[in-house]
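Visitor: I am sharing query08.cif, which consists of mmCIF, C-alpha atoms:
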data_final
#
loop_
_atom_site.label_atom_id
_atom_site.label_comp_id
_atom_site.auth_asym_id
_atom_site.auth_seq_id
_atom_site.Cartn_x
_atom_site.Cartn_y
_atom_site.Cartn_z
CA LYS A 6 0.00 0.00 0.00
CA LEU A 7 2.80 2.42 0.89
CA ARG A 8 4.47 1.64 -2.42
CA LEU A 9 1.27 2.48 -4.32
CA ILE A 10 0.92 5.75 -2.38
CA GLU A 11 4.52 6.69 -3.20
CA GLU A 12 4.07 5.80 -6.87
CA ALA A 13 0.95 7.96 -7.00
CA TYR A 14 2.87 10.82 -5.41
CA GLN A 15 5.71 10.49 -7.90
CA LYS A 16 3.15 10.66 -10.73
CA GLU A 17 1.66 13.75 -9.10
CA LEU A 18 5.10 15.37 -8.99
CA LEU A 19 5.64 14.58 -12.67
CA VAL A 20 2.28 16.10 -13.60
CA SER A 21 3.07 19.16 -11.44
CA ASN A 22 6.41 19.57 -13.19
CA ILE A 23 4.73 19.43 -16.61
CA LYS A 24 2.09 21.94 -15.49
CA SER A 25 4.81 24.23 -14.14
CA GLN A 26 6.68 24.08 -17.45
CA GLU A 27 3.51 24.83 -19.39
CA LYS A 28 2.72 27.73 -17.06
CA GLU A 29 6.21 29.14 -17.69
CA ARG A 30 5.81 28.75 -21.47
CA LEU A 31 2.46 30.52 -21.29
CA ARG A 32 4.00 33.38 -19.31
CA ILE A 33 6.80 33.79 -21.85
CA ALA A 34 4.36 33.61 -24.77
CA THR A 35 2.17 36.24 -23.08
CA ASP A 36 5.17 38.52 -22.49
CA LEU A 37 6.22 38.19 -26.14
CA HIS A 38 2.71 38.84 -27.45
CA ASP A 39 1.52 41.53 -25.05
CA GLU A 40 4.77 43.44 -24.58
CA ILE A 41 7.16 42.80 -27.47
CA GLY A 42 4.38 42.42 -30.04
CA ALA A 43 2.61 45.58 -28.93
CA LEU A 44 5.82 47.62 -28.90
CA LEU A 45 6.85 46.47 -32.39
CA THR A 46 3.35 47.11 -33.76
CA THR A 47 3.37 50.65 -32.38
CA THR A 48 6.89 51.24 -33.71
CA LYS A 49 5.73 50.16 -37.18
CA LEU A 50 2.88 52.68 -37.03
CA TYR A 51 5.43 55.45 -36.53
CA THR A 52 7.79 54.22 -39.23
CA ASP A 53 4.88 53.90 -41.69
CA GLN A 54 4.30 57.65 -41.31
CA ILE A 55 7.81 58.59 -42.40
CA ASP A 56 6.94 58.85 -46.10
CA SER A 57 4.03 61.17 -45.38
CA THR A 58 5.93 63.63 -43.20
CA GLU A 59 6.19 67.16 -44.55
CA THR A 60 8.79 68.80 -42.33
CA PRO A 61 12.14 67.86 -40.78
CA GLU A 62 10.62 68.53 -37.36
CA GLU A 63 7.91 65.91 -37.91
CA LEU A 64 10.51 63.42 -39.13
CA THR A 65 12.63 64.02 -36.02
CA GLN A 66 9.62 63.49 -33.74
CA LEU A 67 8.76 60.21 -35.45
CA LYS A 68 12.37 59.04 -35.28
CA ASN A 69 12.60 59.84 -31.55
CA LYS A 70 9.33 58.07 -30.77
CA ALA A 71 10.35 55.00 -32.78
CA ASN A 72 13.79 54.89 -31.13
CA SER A 73 12.25 55.18 -27.68
CA LEU A 74 9.94 52.25 -28.38
CA LEU A 75 12.81 50.20 -29.79
CA ASP A 76 14.87 50.89 -26.66
CA GLU A 77 11.97 49.66 -24.54
CA THR A 78 11.66 46.58 -26.73
CA VAL A 79 15.35 45.77 -26.27
CA ASP A 80 14.99 46.10 -22.48
CA ASN A 81 12.02 43.73 -22.49
CA VAL A 82 13.82 41.17 -24.65
CA ARG A 83 16.76 41.25 -22.25
CA ARG A 84 14.42 40.72 -19.28
CA ILE A 85 12.70 37.75 -20.93
CA SER A 86 16.07 36.30 -21.94
CA HIS A 87 17.32 36.71 -18.37
CA ASP A 88 14.27 34.86 -17.05
CA LEU A 89 15.00 31.96 -19.40
CA ARG A 90 18.72 31.71 -18.65
CA PRO A 91 19.97 33.98 -15.83
CA VAL A 92 23.21 35.59 -16.97
CA VAL A 93 24.60 36.16 -13.46
CA LEU A 94 24.00 32.53 -12.54
CA GLU A 95 25.56 31.25 -15.74
CA ASN A 96 28.65 33.46 -15.50
CA PHE A 97 29.30 33.66 -11.75
CA GLY A 98 27.41 30.88 -9.98
CA LEU A 99 24.67 30.49 -7.41
CA GLY A 100 26.16 32.75 -4.73
CA GLU A 101 26.36 35.81 -6.98
CA ALA A 102 22.94 35.00 -8.44
CA LEU A 103 21.36 34.91 -4.97
CA GLU A 104 23.00 38.24 -4.14
CA SER A 105 21.49 39.63 -7.34
CA VAL A 106 18.08 38.28 -6.29
CA ARG A 107 18.46 39.95 -2.90
CA ASN A 108 19.27 43.26 -4.58
CA GLN A 109 16.26 42.99 -6.92
CA ILE A 110 13.85 42.37 -4.03
CA ALA A 111 15.45 45.11 -1.92
CA GLU A 112 15.02 47.63 -4.74
CA THR A 113 11.41 46.75 -5.58
CA SER A 114 9.91 45.81 -2.21
CA ASP A 115 9.64 47.17 1.33
CA ILE A 116 10.58 43.76 2.75
CA ASP A 117 13.86 43.58 4.68
CA ILE A 118 15.80 40.85 2.86
CA THR A 119 19.22 39.55 3.87
CA ALA A 120 21.46 36.94 2.26
CA ASN A 121 24.20 35.10 4.12
CA ILE A 122 26.15 33.64 1.21
CA GLU A 123 29.33 31.61 1.60
CA ASP A 124 31.94 31.90 -1.14
CA MET A 125 32.30 28.49 -2.75
CA ALA A 126 33.44 26.74 -5.91
CA ARG A 127 31.13 26.40 -8.89
CA PHE A 128 29.19 23.17 -9.17
CA ALA A 129 26.96 21.57 -11.82
CA TYR A 130 24.87 24.18 -13.64
CA GLU A 131 21.69 22.07 -13.55
CA GLN A 132 21.98 21.94 -9.74
CA GLU A 133 22.67 25.67 -9.48
CA LEU A 134 19.76 26.48 -11.77
CA ALA A 135 17.34 24.22 -9.87
CA LEU A 136 18.24 25.84 -6.52
CA TYR A 137 17.99 29.31 -8.07
CA ARG A 138 14.49 28.54 -9.43
CA ILE A 139 13.46 27.14 -6.05
CA VAL A 140 14.49 30.34 -4.28
CA TRP A 141 12.37 32.33 -6.74
CA GLU A 142 9.40 30.02 -6.11
CA LEU A 143 9.76 30.58 -2.37
CA LEU A 144 10.12 34.33 -2.88
CA ASN A 145 7.01 34.44 -5.06
CA ASN A 146 5.08 32.58 -2.36
CA THR A 147 6.27 35.06 0.27
CA LEU A 148 5.63 38.17 -1.80
CA LYS A 149 2.18 37.08 -2.97
CA HIS A 150 0.73 35.40 0.09
CA ALA A 151 2.79 35.67 3.27
CA GLU A 152 2.46 39.37 4.23
CA ALA A 153 6.01 39.11 5.57
CA ASN A 154 8.32 41.89 6.76
CA GLN A 155 11.57 39.97 6.58
CA ILE A 156 13.23 37.33 4.42
CA LYS A 157 16.50 35.53 5.10
CA ILE A 158 18.39 33.45 2.54
CA GLY A 159 21.42 31.36 3.45
CA GLN A 160 23.92 29.30 1.47
CA SER A 161 26.81 27.27 2.89
CA SER A 162 28.72 24.10 2.14
CA LEU A 163 30.53 21.38 4.07
CA ASP A 164 32.27 18.27 2.76
CA GLY A 165 30.71 18.56 -0.69
CA ILE A 166 27.18 19.16 0.60
CA ILE A 167 25.50 22.48 -0.14
CA LYS A 168 22.92 23.70 2.34
CA LEU A 169 20.36 26.28 1.25
CA THR A 170 18.02 27.87 3.79
CA TYR A 171 15.07 30.20 3.33
CA GLU A 172 13.06 31.92 6.04
CA ASP A 173 10.34 34.54 6.28
CA ASP A 174 8.23 35.95 9.14
CA GLY A 175 4.90 35.90 7.29
CA LYS A 176 1.65 34.02 7.87
CA GLY A 177 3.24 30.67 7.25
CA PHE A 178 1.56 27.60 5.83
CA PHE A 179 1.11 23.95 6.56
CA PRO A 180 2.58 22.00 3.65
CA ASP A 181 1.11 18.61 2.85
CA ARG A 182 0.77 16.59 -0.29
CA LYS A 183 -2.91 17.30 -0.72
CA SER A 184 -3.02 21.06 -0.28
CA SER A 185 0.32 22.25 -1.61
CA GLY A 186 -0.05 24.69 -4.48
CA LEU A 187 1.56 24.37 -7.88
CA GLY A 188 4.59 26.41 -6.79
CA LEU A 189 5.38 24.15 -3.83
CA ARG A 190 4.79 20.99 -5.84
CA SER A 191 7.10 22.43 -8.50
CA ILE A 192 9.80 22.82 -5.83
CA GLU A 193 9.37 19.21 -4.73
CA SER A 194 9.44 18.07 -8.35
CA ARG A 195 12.72 19.88 -9.04
CA LEU A 196 14.28 18.42 -5.90
CA ASN A 197 12.97 14.97 -6.71
CA MET A 198 14.87 15.09 -10.00
CA LEU A 199 18.00 16.09 -8.05
CA GLY A 200 17.56 13.21 -5.62
CA THR A 201 16.90 15.28 -2.51
CA GLU A 202 14.00 16.94 -0.67
CA ILE A 203 12.94 20.09 1.13
CA ASN A 204 12.84 20.12 4.94
CA TYR A 205 10.27 22.30 6.70
CA LEU A 206 11.65 23.51 10.03
CA LYS A 207 9.51 24.52 12.99
CA VAL A 208 9.40 28.27 13.69
CA ASP A 209 7.15 30.49 15.81
CA ARG A 210 6.07 32.57 12.82
CA GLY A 211 6.38 32.30 9.06
CA ILE A 212 8.30 29.50 7.40
CA LYS A 213 11.82 28.15 7.46
CA VAL A 214 13.03 25.52 5.03
CA SER A 215 16.35 23.89 4.31
CA ILE A 216 17.66 21.92 1.36
CA GLU A 217 20.80 19.80 1.39
CA LEU A 218 22.31 18.54 -1.83
CA GLU A 219 25.47 16.64 -2.72
CA MET A 220 27.23 18.88 -5.21
CA LYS A 221 28.42 17.69 -8.60
CA TYR A 222 31.50 19.68 -9.50
CA VAL A 223 32.17 21.10 -12.94
#
Please render this file's structure as structure tokens.
Guide:
Amino acid sequence: KLRLIEEAYQKELLVSNIKSQEKERLRIATDLHDEIGALLTTTKLYTDQIDSTETPEELTQLKNKANSLLDETVDNVRRISHDLRPVVLENFGLGEALESVRNQIAETSDIDITANIEDMARFAYEQELALYRIVWELLNNTLKHAEANQIKIGQSSLDGIIKLTYEDDGKGFFPDRKSSGLGLRSIESRLNMLGTEINYLKVDRGIKVSIELEMKYV
């Protein structure tokens, strides 16, 4: 019976992973259509008017408007590209990427966020990327639902084992296999593929989780 329950759970994780991938594809497709598509369409409207302009001043105005829209398009393409393959993570590793995440949240949110990051050697990119995505899933959960005032992220290593911790002082939740949302099931699915799991630690308020993973070195 336990084996059947575990098999059913593994199937649920697989389905959750597929749903998470499809959700991400839909988000990217929406960004491309609603943002990039709209910007390019508007830019074309301006460039189509160039032949009908009568004065140099009108031509300059059209050129400036079109250039401004193209600049915005470039910025959006860079953002979407960064979401697909984080440049900081790829070039400098998980520690620098987590520091970058901390800076992004600090600049765009009133939440007090700290990161205690140990300097360590690079390890397998698929492991770094999975942990990076997991931190973003946890952050999204905190920012959307937790009503937290503080977030703490930690990264350390010992004897080839990386330990990642995440903590907030929000409303907290009670994770179980039946009620976990898509984001939390996505986390478990990613970790399942890495051969490890997430540990929920007892705290007075909010959540605290830890993940331990044997690192594969590059």
Visitor: Could you state which residues are captured by the PyMOL selection byres ((chain A and resi 120) around 7) in this file, as a PyMOL selection string?
Guide: chain A and resi 104+107+118-119+121-122+157-159
Visitor: When the PyMOL selection byres ((chain A and resi 218) around 6) is applied to the file above, which residues end up in the set, as a PyMOL selection string?
Guide: chain A and resi 166-167+217+219-220
Visitor: Looking at only C-alpha atoms, which of A:Leu143, A:Gly211, A:Leu199, A:Leu169 is the one that sits closest to Gln155 (chain A)?
Guide: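 With only C-alpha atoms as the atom set, the closest residue is A:Gly211.
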Visitor: Closest to Arg83 (chain A) among A:Leu37, A:Ser57, A:Leu206, A:Arg190, using only C-alpha atoms?
Guide: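 Residue with the minimum atom-to-atom distance to Arg83 (chain A): A:Leu37.
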Visitor: Which residue is closest to Ile139 (chain A)? Choose from A:Ile41, A:Leu9, A:Ile216, A:Leu67 and count all atoms listed in the file.
Guide: A:Ile216
Visitor: Let me know the residues the PyMOL selection byres ((chain A and resi 195) around 10) catches in the file above, as a PyMOL selection string.
Guide: chain A and resi 18-19+21-22+132+135-136+138-139+189-194+196-202
Visitor: Draw an axis-aligned box over all listed atoms of region 153-156 of chain A, pad each side with 8 Å, and write its centre and edge lengths in Å, one decimal, as JSON.
Guide:
{"center_x": 9.6, "center_y": 39.6, "center_z": 5.6, "size_x": 23.2, "size_y": 20.6, "size_z": 18.3}
Visitor: Of the candidates A:Asp164, A:Ile85, A:Gly175, A:Thr78, which shows the shortest atom-to-atom distance to Ile116 (chain A), using all atoms listed in the file?
Guide: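 Residue with the minimum atom-to-atom distance to Ile116 (chain A): A:Gly175.
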Visitor: Between CA of Glu172 (chain A) and CA of Lys149 (chain A), what is the spacing in Å?
Guide: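 Value for the CA of Lys149 (chain A)-CA of Glu172 (chain A) distance: 15.0 Å.
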Visitor: Just want the 8 Å neighbourhood of Gly177 (chain A), counted on only C-alpha atoms, with same-chain residues fewer than 6 positions away dropped. Output as a VMD selection string.
Guide: chain A and resid 151 210 to 212
Visitor: Which is closer to Asp209 (chain A) than all the others in A:Leu134, A:Asp173, A:Tyr222, A:Val140, using all atoms listed in the file?
Guide: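 So, comparing all the options, the nearest one is A:Asp173.
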Visitor: Which is closer to Asn96 (chain A) than all the others in A:Lys28, A:Arg127, A:His38, A:Lys68, using all atoms listed in the file?
Guide: A:Arg127
